[in-house]
file target.cif (mmCIF, C-alpha atoms)
data_entry
#
loop_
_atom_site.group_PDB
_atom_site.id
_atom_site.type_symbol
_atom_site.label_atom_id
_atom_site.label_comp_id
_atom_site.auth_asym_id
_atom_site.auth_seq_id
_atom_site.Cartn_x
_atom_site.Cartn_y
_atom_site.Cartn_z
ATOM 1 C CA MET A 1192 70.750 -60.254 -34.473
ATOM 2 C CA SER A 1193 71.390 -56.569 -34.626
ATOM 3 C CA ASP A 1194 72.952 -55.988 -31.224
ATOM 4 C CA TYR A 1195 76.256 -55.140 -32.851
ATOM 5 C CA MET A 1196 77.775 -51.918 -34.049
ATOM 6 C CA ASP A 1197 80.801 -51.534 -36.259
ATOM 7 C CA GLY A 1198 84.510 -50.945 -36.310
ATOM 8 C CA ASN A 1199 84.162 -47.179 -36.683
ATOM 9 C CA MET A 1200 83.798 -47.178 -32.907
ATOM 10 C CA LEU A 1201 87.205 -48.846 -32.410
ATOM 11 C CA GLY A 1202 88.986 -45.826 -33.877
ATOM 12 C CA GLY A 1203 89.437 -43.928 -30.622
ATOM 13 C CA THR A 1204 91.078 -46.694 -28.629
ATOM 14 C CA LEU A 1205 93.048 -48.116 -31.575
ATOM 15 C CA GLY A 1206 94.205 -44.568 -32.282
ATOM 16 C CA GLU A 1207 95.911 -44.593 -28.889
ATOM 17 C CA LEU A 1208 97.852 -47.691 -29.916
ATOM 18 C CA PHE A 1209 98.691 -46.889 -33.531
ATOM 19 C CA SER A 1210 100.175 -43.739 -35.020
ATOM 20 C CA MET A 1211 97.596 -43.548 -37.827
ATOM 21 C CA ASP A 1212 93.899 -44.083 -38.435
ATOM 22 C CA VAL A 1213 93.224 -47.809 -38.300
ATOM 23 C CA THR A 1214 89.506 -47.837 -39.161
ATOM 24 C CA SER A 1215 90.410 -47.766 -42.864
ATOM 25 C CA ALA A 1216 93.041 -50.506 -42.462
ATOM 26 C CA THR A 1217 92.152 -53.910 -43.896
ATOM 27 C CA VAL A 1218 92.047 -57.108 -41.861
ATOM 28 C CA THR A 1219 92.068 -60.589 -43.374
ATOM 29 C CA CYS A 1220 90.084 -63.220 -41.472
ATOM 30 C CA VAL A 1221 91.973 -66.329 -40.306
ATOM 31 C CA SER A 1222 88.802 -68.363 -40.474
ATOM 32 C CA CYS A 1223 87.450 -67.619 -43.963
ATOM 33 C CA GLY A 1224 90.039 -65.446 -45.706
ATOM 34 C CA ALA A 1225 87.700 -62.511 -46.352
ATOM 35 C CA SER A 1226 89.152 -59.021 -46.146
ATOM 36 C CA TRP A 1227 87.306 -56.091 -44.602
ATOM 37 C CA ALA A 1228 88.118 -52.590 -43.474
ATOM 38 C CA ILE A 1229 88.184 -52.462 -39.677
ATOM 39 C CA ALA A 1230 85.315 -49.947 -39.938
ATOM 40 C CA GLN A 1231 83.177 -52.642 -41.584
ATOM 41 C CA THR A 1232 83.659 -55.322 -38.953
ATOM 42 C CA ARG A 1233 80.799 -56.137 -36.592
ATOM 43 C CA VAL A 1234 81.599 -54.914 -33.132
ATOM 44 C CA TYR A 1235 79.917 -56.236 -30.014
ATOM 45 C CA PRO A 1236 80.580 -53.679 -27.282
ATOM 46 C CA HIS A 1237 78.616 -55.328 -24.484
ATOM 47 C CA ALA A 1238 81.365 -57.691 -23.395
ATOM 48 C CA PRO A 1239 83.919 -56.414 -20.858
ATOM 49 C CA GLY A 1240 85.909 -55.352 -23.902
ATOM 50 C CA MET A 1241 84.990 -54.833 -27.525
ATOM 51 C CA VAL A 1242 84.837 -57.856 -29.822
ATOM 52 C CA ALA A 1243 85.069 -57.419 -33.600
ATOM 53 C CA ARG A 1244 83.703 -60.229 -35.741
ATOM 54 C CA CYS A 1245 84.034 -61.015 -39.448
ATOM 55 C CA PRO A 1246 80.963 -59.845 -41.435
ATOM 56 C CA THR A 1247 81.404 -62.869 -43.739
ATOM 57 C CA CYS A 1248 81.742 -65.801 -41.326
ATOM 58 C CA ASP A 1249 81.142 -64.266 -37.886
ATOM 59 C CA ALA A 1250 84.464 -65.537 -36.493
ATOM 60 C CA VAL A 1251 86.160 -63.378 -33.870
ATOM 61 C CA LEU A 1252 88.749 -61.148 -35.547
ATOM 62 C CA LEU A 1253 90.011 -59.151 -32.615
ATOM 63 C CA ARG A 1254 89.281 -58.225 -29.037
ATOM 64 C CA LEU A 1255 90.170 -54.920 -27.467
ATOM 65 C CA VAL A 1256 90.124 -54.079 -23.770
ATOM 66 C CA ARG A 1257 91.110 -50.757 -22.301
ATOM 67 C CA SER A 1258 91.567 -50.165 -18.595
ATOM 68 C CA PRO A 1259 92.708 -46.908 -17.035
ATOM 69 C CA ASP A 1260 96.369 -47.877 -17.175
ATOM 70 C CA ARG A 1261 96.716 -50.481 -19.957
ATOM 71 C CA ALA A 1262 95.261 -51.911 -23.149
ATOM 72 C CA TRP A 1263 94.947 -55.465 -24.419
ATOM 73 C CA LEU A 1264 94.684 -56.104 -28.150
ATOM 74 C CA ASP A 1265 94.018 -59.727 -29.098
ATOM 75 C CA LEU A 1266 94.370 -60.197 -32.868
ATOM 76 C CA ARG A 1267 93.827 -63.959 -32.892
ATOM 77 C CA GLY A 1268 91.423 -63.939 -35.824
ATOM 78 C CA VAL A 1269 93.434 -61.656 -38.092
ATOM 79 C CA THR A 1270 95.979 -63.207 -40.412
ATOM 80 C CA CYS A 1271 97.057 -59.886 -41.877
ATOM 81 C CA LEU A 1272 96.571 -56.224 -41.031
ATOM 82 C CA GLN A 1273 97.167 -53.954 -44.013
ATOM 83 C CA LEU A 1274 97.670 -50.242 -43.440
ATOM 84 C CA ALA A 1275 97.986 -47.467 -46.020
ATOM 85 C CA MET A 1276 101.071 -45.536 -44.999
ATOM 86 C CA PRO A 1277 100.611 -41.769 -44.731
ATOM 87 C CA GLY A 1278 102.317 -39.731 -47.419
ATOM 88 C CA SER A 1279 102.440 -42.623 -49.879
ATOM 89 C CA MET B 349 78.777 -26.859 -29.379
ATOM 90 C CA ALA B 350 82.060 -27.411 -27.575
ATOM 91 C CA ALA B 351 84.766 -24.750 -27.473
ATOM 92 C CA VAL B 352 88.138 -26.393 -27.839
ATOM 93 C CA ARG B 353 90.711 -24.985 -25.466
ATOM 94 C CA ASP B 354 93.772 -25.533 -27.602
ATOM 95 C CA GLY B 355 92.078 -24.923 -30.933
ATOM 96 C CA TRP B 356 90.499 -27.637 -33.026
ATOM 97 C CA PRO B 357 93.031 -29.369 -35.292
ATOM 98 C CA GLY B 358 90.463 -29.793 -38.064
ATOM 99 C CA HIS B 359 88.629 -32.895 -39.213
ATOM 100 C CA LEU B 360 87.083 -34.580 -42.233
ATOM 101 C CA ALA B 361 83.324 -34.602 -42.751
ATOM 102 C CA GLY B 362 82.008 -37.845 -41.248
ATOM 103 C CA GLN B 363 84.505 -38.214 -38.422
ATOM 104 C CA HIS B 364 83.536 -38.508 -34.773
ATOM 105 C CA VAL B 365 84.900 -37.715 -31.349
ATOM 106 C CA ASP B 366 84.892 -39.727 -28.152
ATOM 107 C CA VAL B 367 83.459 -37.823 -25.192
ATOM 108 C CA ARG B 368 84.710 -39.028 -21.824
ATOM 109 C CA LEU B 369 83.019 -38.293 -18.537
ATOM 110 C CA THR B 370 84.854 -38.952 -15.282
ATOM 111 C CA ALA B 371 83.087 -38.984 -11.912
ATOM 112 C CA GLU B 372 84.655 -37.707 -8.695
ATOM 113 C CA ASP B 373 85.340 -41.280 -7.585
ATOM 114 C CA GLY B 374 87.354 -41.884 -10.753
ATOM 115 C CA TYR B 375 84.701 -43.911 -12.589
ATOM 116 C CA SER B 376 84.972 -43.037 -16.233
ATOM 117 C CA THR B 377 82.894 -43.770 -19.303
ATOM 118 C CA GLU B 378 82.967 -42.609 -22.889
ATOM 119 C CA ARG B 379 80.757 -42.485 -25.956
ATOM 120 C CA SER B 380 81.310 -41.616 -29.597
ATOM 121 C CA TYR B 381 79.459 -38.688 -31.159
ATOM 122 C CA SER B 382 79.594 -37.664 -34.776
ATOM 123 C CA ILE B 383 80.828 -34.189 -35.588
ATOM 124 C CA ALA B 384 78.064 -32.125 -37.171
ATOM 125 C CA SER B 385 80.099 -29.088 -38.191
ATOM 126 C CA ALA B 386 82.070 -28.765 -41.409
ATOM 127 C CA PRO B 387 85.870 -28.763 -41.125
ATOM 128 C CA PRO B 388 87.619 -25.378 -40.800
ATOM 129 C CA ASN B 389 88.851 -25.619 -44.426
ATOM 130 C CA GLY B 390 92.162 -23.904 -44.434
ATOM 131 C CA GLN B 391 90.994 -21.008 -42.347
ATOM 132 C CA ALA B 392 92.395 -20.415 -38.909
ATOM 133 C CA PRO B 393 91.870 -23.458 -36.706
ATOM 134 C CA SER B 394 88.287 -23.485 -35.540
ATOM 135 C CA GLN B 395 87.721 -22.760 -31.878
ATOM 136 C CA THR B 396 84.583 -24.856 -31.683
ATOM 137 C CA VAL B 397 83.263 -28.193 -32.804
ATOM 138 C CA GLU B 398 79.552 -28.965 -33.044
ATOM 139 C CA LEU B 399 78.133 -32.250 -31.777
ATOM 140 C CA THR B 400 74.481 -33.244 -31.975
ATOM 141 C CA VAL B 401 73.460 -35.510 -29.108
ATOM 142 C CA GLN B 402 70.225 -37.458 -28.967
ATOM 143 C CA ARG B 403 69.127 -38.050 -25.404
ATOM 144 C CA LEU B 404 68.426 -41.684 -24.623
ATOM 145 C CA PRO B 405 66.147 -41.972 -21.571
ATOM 146 C CA ASP B 406 68.123 -44.939 -20.193
ATOM 147 C CA GLY B 407 71.456 -43.577 -21.332
ATOM 148 C CA GLU B 408 74.459 -43.087 -19.116
ATOM 149 C CA VAL B 409 76.113 -40.204 -20.958
ATOM 150 C CA SER B 410 73.495 -38.501 -23.146
ATOM 151 C CA PRO B 411 71.226 -37.366 -20.249
ATOM 152 C CA TYR B 412 74.217 -35.674 -18.665
ATOM 153 C CA LEU B 413 75.203 -33.954 -21.910
ATOM 154 C CA THR B 414 71.675 -32.801 -22.707
ATOM 155 C CA GLN B 415 70.286 -31.970 -19.255
ATOM 156 C CA THR B 416 73.035 -31.456 -16.691
ATOM 157 C CA LEU B 417 75.894 -29.976 -18.660
ATOM 158 C CA GLN B 418 76.048 -26.179 -18.412
ATOM 159 C CA VAL B 419 77.937 -23.638 -20.445
ATOM 160 C CA GLY B 420 81.438 -23.465 -19.039
ATOM 161 C CA TYR B 421 81.647 -27.059 -17.821
ATOM 162 C CA PRO B 422 84.754 -28.822 -19.115
ATOM 163 C CA LEU B 423 84.429 -31.905 -21.314
ATOM 164 C CA GLU B 424 87.123 -34.359 -22.297
ATOM 165 C CA LEU B 425 87.141 -34.939 -26.068
ATOM 166 C CA ARG B 426 89.324 -37.315 -28.054
ATOM 167 C CA GLY B 427 89.496 -36.957 -31.802
ATOM 168 C CA PRO B 428 88.870 -36.414 -34.577
ATOM 169 C CA ILE B 429 88.547 -40.175 -35.110
ATOM 170 C CA GLY B 430 88.023 -42.301 -38.207
ATOM 171 C CA GLY B 431 89.324 -42.091 -41.747
ATOM 172 C CA TRP B 432 86.953 -44.502 -43.483
ATOM 173 C CA PHE B 433 83.471 -43.059 -43.118
ATOM 174 C CA VAL B 434 84.452 -39.673 -44.555
ATOM 175 C CA TRP B 435 83.661 -37.549 -47.582
ATOM 176 C CA ASP B 436 86.785 -35.696 -48.621
ATOM 177 C CA PRO B 437 86.297 -32.937 -51.246
ATOM 178 C CA GLY B 438 90.049 -33.167 -51.934
ATOM 179 C CA GLY B 439 90.042 -36.948 -52.322
ATOM 180 C CA PRO B 440 90.193 -39.062 -55.475
ATOM 181 C CA ARG B 441 86.435 -39.718 -55.512
ATOM 182 C CA ALA B 442 85.391 -36.130 -54.779
ATOM 183 C CA ALA B 443 83.565 -35.692 -58.100
ATOM 184 C CA ALA B 444 81.476 -38.877 -57.847
ATOM 185 C CA PRO B 445 77.806 -38.189 -57.120
ATOM 186 C CA VAL B 446 76.958 -38.856 -53.495
ATOM 187 C CA LEU B 447 74.024 -40.656 -51.935
ATOM 188 C CA LEU B 448 73.492 -40.158 -48.221
ATOM 189 C CA VAL B 449 71.057 -42.447 -46.411
ATOM 190 C CA ALA B 450 70.167 -41.377 -42.879
ATOM 191 C CA GLY B 451 68.135 -43.179 -40.240
ATOM 192 C CA GLY B 452 67.131 -40.853 -37.394
ATOM 193 C CA SER B 453 70.084 -39.150 -35.775
ATOM 194 C CA GLY B 454 72.327 -40.958 -38.263
ATOM 195 C CA VAL B 455 71.912 -37.756 -40.257
ATOM 196 C CA VAL B 456 74.527 -36.008 -38.102
ATOM 197 C CA PRO B 457 77.764 -37.064 -39.865
ATOM 198 C CA LEU B 458 75.958 -36.766 -43.208
ATOM 199 C CA MET B 459 75.032 -33.195 -42.317
ATOM 200 C CA ALA B 460 78.737 -32.475 -41.848
ATOM 201 C CA MET B 461 79.247 -33.708 -45.441
ATOM 202 C CA ILE B 462 76.429 -31.485 -46.744
ATOM 203 C CA ARG B 463 77.874 -28.499 -44.906
ATOM 204 C CA GLU B 464 81.360 -29.317 -46.158
ATOM 205 C CA ARG B 465 80.109 -29.467 -49.745
ATOM 206 C CA ALA B 466 78.652 -25.978 -49.367
ATOM 207 C CA ALA B 467 81.680 -24.626 -47.481
ATOM 208 C CA VAL B 468 84.150 -25.581 -50.205
ATOM 209 C CA GLY B 469 81.820 -24.618 -53.076
ATOM 210 C CA SER B 470 81.762 -28.181 -54.423
ATOM 211 C CA HIS B 471 79.450 -28.899 -57.376
ATOM 212 C CA THR B 472 79.356 -32.643 -56.650
ATOM 213 C CA PRO B 473 75.667 -33.590 -56.743
ATOM 214 C CA PHE B 474 74.332 -34.861 -53.420
ATOM 215 C CA ARG B 475 71.142 -36.769 -52.697
ATOM 216 C CA LEU B 476 69.938 -37.384 -49.164
ATOM 217 C CA ILE B 477 67.346 -39.966 -48.169
ATOM 218 C CA TYR B 478 66.374 -39.166 -44.609
ATOM 219 C CA SER B 479 64.175 -41.581 -42.690
ATOM 220 C CA VAL B 480 62.554 -40.325 -39.493
ATOM 221 C CA ARG B 481 59.671 -41.354 -37.287
ATOM 222 C CA ASP B 482 57.630 -38.174 -37.773
ATOM 223 C CA PRO B 483 58.147 -34.501 -38.690
ATOM 224 C CA ALA B 484 58.889 -33.536 -35.073
ATOM 225 C CA ALA B 485 61.882 -35.881 -35.084
ATOM 226 C CA LEU B 486 63.581 -34.116 -38.004
ATOM 227 C CA LEU B 487 67.029 -32.763 -37.211
ATOM 228 C CA TYR B 488 68.220 -29.748 -39.205
ATOM 229 C CA GLY B 489 64.816 -29.499 -40.920
ATOM 230 C CA ASP B 490 65.075 -25.753 -41.546
ATOM 231 C CA GLU B 491 68.672 -25.904 -42.648
ATOM 232 C CA LEU B 492 68.010 -28.757 -45.059
ATOM 233 C CA ALA B 493 65.071 -26.865 -46.550
ATOM 234 C CA ARG B 494 67.320 -23.842 -47.027
ATOM 235 C CA ARG B 495 70.203 -25.817 -48.521
ATOM 236 C CA ALA B 496 68.093 -28.011 -50.837
ATOM 237 C CA GLY B 497 68.409 -27.213 -54.508
ATOM 238 C CA ASP B 498 71.696 -26.211 -56.084
ATOM 239 C CA GLY B 499 72.800 -29.809 -56.397
ATOM 240 C CA LEU B 500 71.368 -31.108 -53.125
ATOM 241 C CA GLU B 501 68.167 -33.132 -53.295
ATOM 242 C CA VAL B 502 66.451 -34.307 -50.132
ATOM 243 C CA ARG B 503 63.845 -37.045 -49.876
ATOM 244 C CA TYR B 504 62.140 -37.569 -46.537
ATOM 245 C CA VAL B 505 60.764 -40.911 -45.450
ATOM 246 C CA TYR B 506 58.364 -40.921 -42.499
ATOM 247 C CA THR B 507 58.024 -44.254 -40.774
ATOM 248 C CA ARG B 508 55.105 -43.410 -38.457
ATOM 249 C CA THR B 509 53.509 -40.039 -39.270
ATOM 250 C CA ALA B 510 53.881 -37.900 -42.377
ATOM 251 C CA PRO B 511 53.402 -34.121 -42.288
ATOM 252 C CA PRO B 512 49.690 -33.310 -41.993
ATOM 253 C CA GLY B 513 48.090 -32.680 -45.346
ATOM 254 C CA SER B 514 51.100 -33.944 -47.288
ATOM 255 C CA GLY B 515 49.295 -37.062 -48.426
ATOM 256 C CA GLN B 516 52.676 -38.779 -48.242
ATOM 257 C CA PRO B 517 52.480 -42.444 -47.319
ATOM 258 C CA THR B 518 54.370 -43.668 -44.275
ATOM 259 C CA GLY B 519 56.687 -46.628 -44.338
ATOM 260 C CA ARG B 520 60.258 -47.779 -44.404
ATOM 261 C CA ILE B 521 62.851 -47.291 -47.093
ATOM 262 C CA ASN B 522 62.387 -49.798 -49.899
ATOM 263 C CA ALA B 523 63.805 -50.749 -53.266
ATOM 264 C CA ALA B 524 61.543 -48.414 -55.266
ATOM 265 C CA LEU B 525 62.470 -45.455 -53.098
ATOM 266 C CA ILE B 526 66.195 -46.187 -53.243
ATOM 267 C CA ALA B 527 65.915 -46.447 -57.023
ATOM 268 C CA SER B 528 63.964 -43.211 -57.475
ATOM 269 C CA ALA B 529 65.701 -41.036 -54.871
ATOM 270 C CA GLY B 530 69.205 -42.465 -55.288
ATOM 271 C CA TRP B 531 71.582 -42.767 -58.237
ATOM 272 C CA PRO B 532 71.679 -45.426 -60.943
ATOM 273 C CA PRO B 533 74.695 -47.751 -60.569
ATOM 274 C CA GLU B 534 76.112 -46.486 -63.903
ATOM 275 C CA GLU B 535 76.792 -43.145 -62.228
ATOM 276 C CA SER B 536 79.224 -44.916 -59.842
ATOM 277 C CA PRO B 537 77.997 -42.991 -56.805
ATOM 278 C CA ALA B 538 79.729 -42.820 -53.452
ATOM 279 C CA MET B 539 77.256 -43.951 -50.802
ATOM 280 C CA PHE B 540 77.134 -43.321 -47.073
ATOM 281 C CA ALA B 541 74.529 -44.864 -44.788
ATOM 282 C CA CYS B 542 74.314 -44.059 -41.090
ATOM 283 C CA GLY B 543 71.752 -44.975 -38.473
ATOM 284 C CA PRO B 544 70.758 -47.757 -36.125
ATOM 285 C CA THR B 545 72.200 -51.149 -37.072
ATOM 286 C CA GLY B 546 68.955 -52.583 -38.486
ATOM 287 C CA PHE B 547 68.383 -49.519 -40.647
ATOM 288 C CA VAL B 548 71.922 -49.512 -42.001
ATOM 289 C CA GLU B 549 71.777 -53.244 -42.813
ATOM 290 C CA ALA B 550 68.497 -52.703 -44.684
ATOM 291 C CA ALA B 551 69.844 -49.703 -46.597
ATOM 292 C CA ALA B 552 73.061 -51.475 -47.614
ATOM 293 C CA ASP B 553 71.092 -54.574 -48.686
ATOM 294 C CA LEU B 554 68.738 -52.504 -50.828
ATOM 295 C CA LEU B 555 71.640 -50.703 -52.484
ATOM 296 C CA VAL B 556 73.475 -53.932 -53.308
ATOM 297 C CA ARG B 557 70.312 -55.574 -54.606
ATOM 298 C CA GLY B 558 69.768 -52.453 -56.711
ATOM 299 C CA GLY B 559 73.044 -53.190 -58.477
ATOM 300 C CA GLN B 560 75.344 -50.827 -56.595
ATOM 301 C CA ASN B 561 79.004 -51.650 -56.055
ATOM 302 C CA PRO B 562 79.312 -52.928 -52.447
ATOM 303 C CA GLY B 563 82.800 -51.427 -52.252
ATOM 304 C CA ALA B 564 81.376 -47.928 -52.736
ATOM 305 C CA ILE B 565 78.935 -48.230 -49.825
ATOM 306 C CA LYS B 566 80.252 -46.952 -46.511
ATOM 307 C CA THR B 567 78.267 -47.568 -43.378
ATOM 308 C CA GLU B 568 78.259 -46.416 -39.804
ATOM 309 C CA ARG B 569 76.032 -48.052 -37.226
ATOM 310 C CA PHE B 570 75.171 -46.808 -33.812
ATOM 311 C CA GLY B 571 73.292 -48.113 -30.849
ATOM 312 C CA PRO B 572 72.447 -47.255 -27.287
ATOM 313 C CA THR B 573 75.733 -48.408 -25.760
ATOM 314 C CA GLY B 574 78.913 -46.675 -26.739
ATOM 315 C CA GLY B 575 77.261 -45.735 -29.978
ATOM 316 C CA LYS B 576 77.201 -42.641 -32.100
ATOM 317 C CA ALA B 577 74.246 -40.346 -32.198
#

call {"tool": "encode", "arguments": {"input": "target.cif", "output": "structure tokens"}}
result
Amino acid sequence: MSDYMDGNMLGGTLGELFSMDVTSATVTCVSCGASWAIAQTRVYPHAPGMVARCPTCDAVLLRLVRSPDRAWLDLRGVTCLQLAMPGS
Amino acid sequence: MAAVRDGWPGHLAGQHVDVRLTAEDGYSTERSYSIASAPPNGQAPSQTVELTVQRLPDGEVSPYLTQTLQVGYPLELRGPIGGWFVWDPGGPRAAAPVLLVAGGSGVVPLMAMIRERAAVGSHTPFRLIYSVRDPAALLYGDELARRAGDGLEVRYVYTRTAPPGSGQPTGRINAALIASAGWPPEESPAMFACGPTGFVEAAADLLVRGGQNPGAIKTERFGPTGGKA
């Protein structure tokens, strides 16, 4: 299966929600415990929203839907989101 | 080339922008495109940003950008976006030798890195492995020929047709090529691979099997929907 892209493409919409770049943030998978940069996750953009899956175990990490007037961010598969704080 | 009304805030080589098109009825769609130009580098904020767009015959956005869009039409850009797939000449790994692996139009963000290296006068050695279908599909062919040498080495891989008379075999990237045109793992190179998903998976696999540190390999995949080109 190669009908996925990667978390680099989540940067624009996540950038509307967070005050810093999130593609270099690390997520830890609830299912298998692996840690990946958001940019490295496998993103399936063909669903109504974008679904990011764990490159190790393929479990759903997060789902992101953007409509004209709101955004939904479902982080059900992420046990921890680690961000490098700017200026540190 | 898009002129930016309020001045371009600057970017890092490898970042992209989202281009949004909105129809009169309010329907809106957006795609990501890699920035091809080097950052402004401390000069006055650049007034333009260069995007390279590959037209996909069945595409929703690229035919408009390549065939309908006229000089003077407004475009909605969001960015620069992404802090992971970047080469930063001021960053902690700026001196590490760099391997760039491009599949087709995946060369675009890597070209920004090559231009950035030249713009800041960096002596970091760069090697580019550039896989294309045939010579006519080369992007930046003249510019790469001009920039090659002086610490930039370019190896072309033709998957269907090699230049006439070159005697070069055609084929896909493979372990021998990655070993001869890349860097040995002992050099601790920084590696960037960009292209269609299948190409990027193959390139990353070959690098890891060649003994490279997986943590030093950065990848960016694109595809026909919402992808980068």

call {"tool": "residues_around", "arguments": {"input": "target.cif", "residues": "range 1241-1243 of chain A", "least_positions_apart": "3", "cutoff": "6 Å", "atoms": "only C-alpha atoms", "output": "PDB file with C-alpha atoms, keeping the file's coordinate frame"}}
result
ATOM      1  CA  THR A1232      83.659 -55.322 -38.953  1.00  0.00           C
ATOM      2  CA  ARG A1233      80.799 -56.137 -36.592  1.00  0.00           C
ATOM      3  CA  VAL A1234      81.599 -54.914 -33.132  1.00  0.00           C
ATOM      4  CA  TYR A1235      79.917 -56.236 -30.014  1.00  0.00           C
ATOM      5  CA  PRO A1236      80.580 -53.679 -27.282  1.00  0.00           C
ATOM      6  CA  LEU A1252      88.749 -61.148 -35.547  1.00  0.00           C
ATOM      7  CA  LEU A1253      90.011 -59.151 -32.615  1.00  0.00           C
ATOM      8  CA  ARG A1254      89.281 -58.225 -29.037  1.00  0.00           C
ATOM      9  CA  LEU A1255      90.170 -54.920 -27.467  1.00  0.00           C
TER      10      LEU A1255
END

call {"tool": "closest_residue", "arguments": {"input": "target.cif", "among": "A:Pro1246, A:Gly1198, A:Pro1259, A:Pro1277", "to": "Cys1223 in chain A", "atoms": "all atoms listed in the file"}}
result
A:Pro1246

call {"tool": "residues_around", "arguments": {"input": "target.cif", "residues": "Gly452 in chain B", "least_positions_apart": "6", "cutoff": "10 Å", "atoms": "all atoms listed in the file", "output": "list of chain:residue names"}}
result
B:Gln402, B:Tyr478, B:Ser479, B:Val480, B:Arg481, B:Asp482, B:Ala485, B:Leu486, B:Leu487, B:Cys542, B:Gly543, B:Pro544, B:Phe547, B:Ala577

call {"tool": "residues_near_point", "arguments": {"input": "target.cif", "point": "(91.7, -48.7, -23.1)", "cutoff": "10 Å", "atoms": "all atoms listed in the file", "output": "PyMOL selection string"}}
result
chain A and resi 1203-1205+1207-1208+1240+1255-1264

call {"tool": "resolve_selection", "arguments": {"input": "target.cif", "expression": "the PyMOL selection byres ((chain A) within 9 of (chain B))", "output": "VMD selection string"}}
result
chain A and resid 1192 to 1203 1206 1212 to 1216 1228 to 1231 1236 to 1237 1259

call {"tool": "atom_distance", "arguments": {"input": "target.cif", "atom1": "CA of Leu423 in chain B", "atom2": "CA of Glu464 in chain B"}}
result
25.2 Å

call {"tool": "atom_distance", "arguments": {"input": "target.cif", "atom1": "CA of Leu476 in chain B", "atom2": "CA of Ser410 in chain B"}}
result
26.3 Å

call {"tool": "residues_around", "arguments": {"input": "target.cif", "residues": "Ser470 in chain B", "least_positions_apart": "3", "cutoff": "9 Å", "atoms": "all atoms listed in the file", "output": "JSON, numbers by chain"}}
result
{"B": [437, 442, 443, 464, 465, 466, 467, 473]}

call {"tool": "atom_distance", "arguments": {"input": "target.cif", "atom1": "CA of Val1218 in chain A", "atom2": "CA of Cys1248 in chain A"}}
result
13.5 Å

call {"tool": "closest_residue", "arguments": {"input": "target.cif", "among": "B:Met459, B:Met539, B:Leu554, B:Ala510", "to": "Ala484 in chain B", "atoms": "all atoms listed in the file"}}
result
B:Ala510

call {"tool": "closest_residue", "arguments": {"input": "target.cif", "among": "B:Pro445, B:Pro483, B:Pro511, B:Gly420", "to": "Glu535 in chain B", "atoms": "only C-alpha atoms"}}
result
B:Pro445

call {"tool": "residues_around", "arguments": {"input": "target.cif", "residues": "Ser536 in chain B", "least_positions_apart": "5", "cutoff": "10 Å", "atoms": "all atoms listed in the file", "output": "count of residues only"}}
result
8

call {"tool": "residues_around", "arguments": {"input": "target.cif", "residues": "Thr414 in chain B", "least_positions_apart": "4", "cutoff": "10 Å", "atoms": "only C-alpha atoms", "output": "count of residues only"}}
result
8

call {"tool": "axis_aligned_box", "arguments": {"input": "target.cif", "around": "range 1217-1233 of chain A", "padding_each_side": "8 Å", "output": "AutoDock Vina command-line options"}}
result
--center_x 86.5 --center_y -59.2 --center_z -41.5 --size_x 27.4 --size_y 34.4 --size_z 25.8

call {"tool": "closest_residue", "arguments": {"input": "target.cif", "among": "B:Glu408, B:Leu448, B:Ser453, B:Ser514", "to": "Ala529 in chain B", "atoms": "all atoms listed in the file"}}
result
B:Leu448
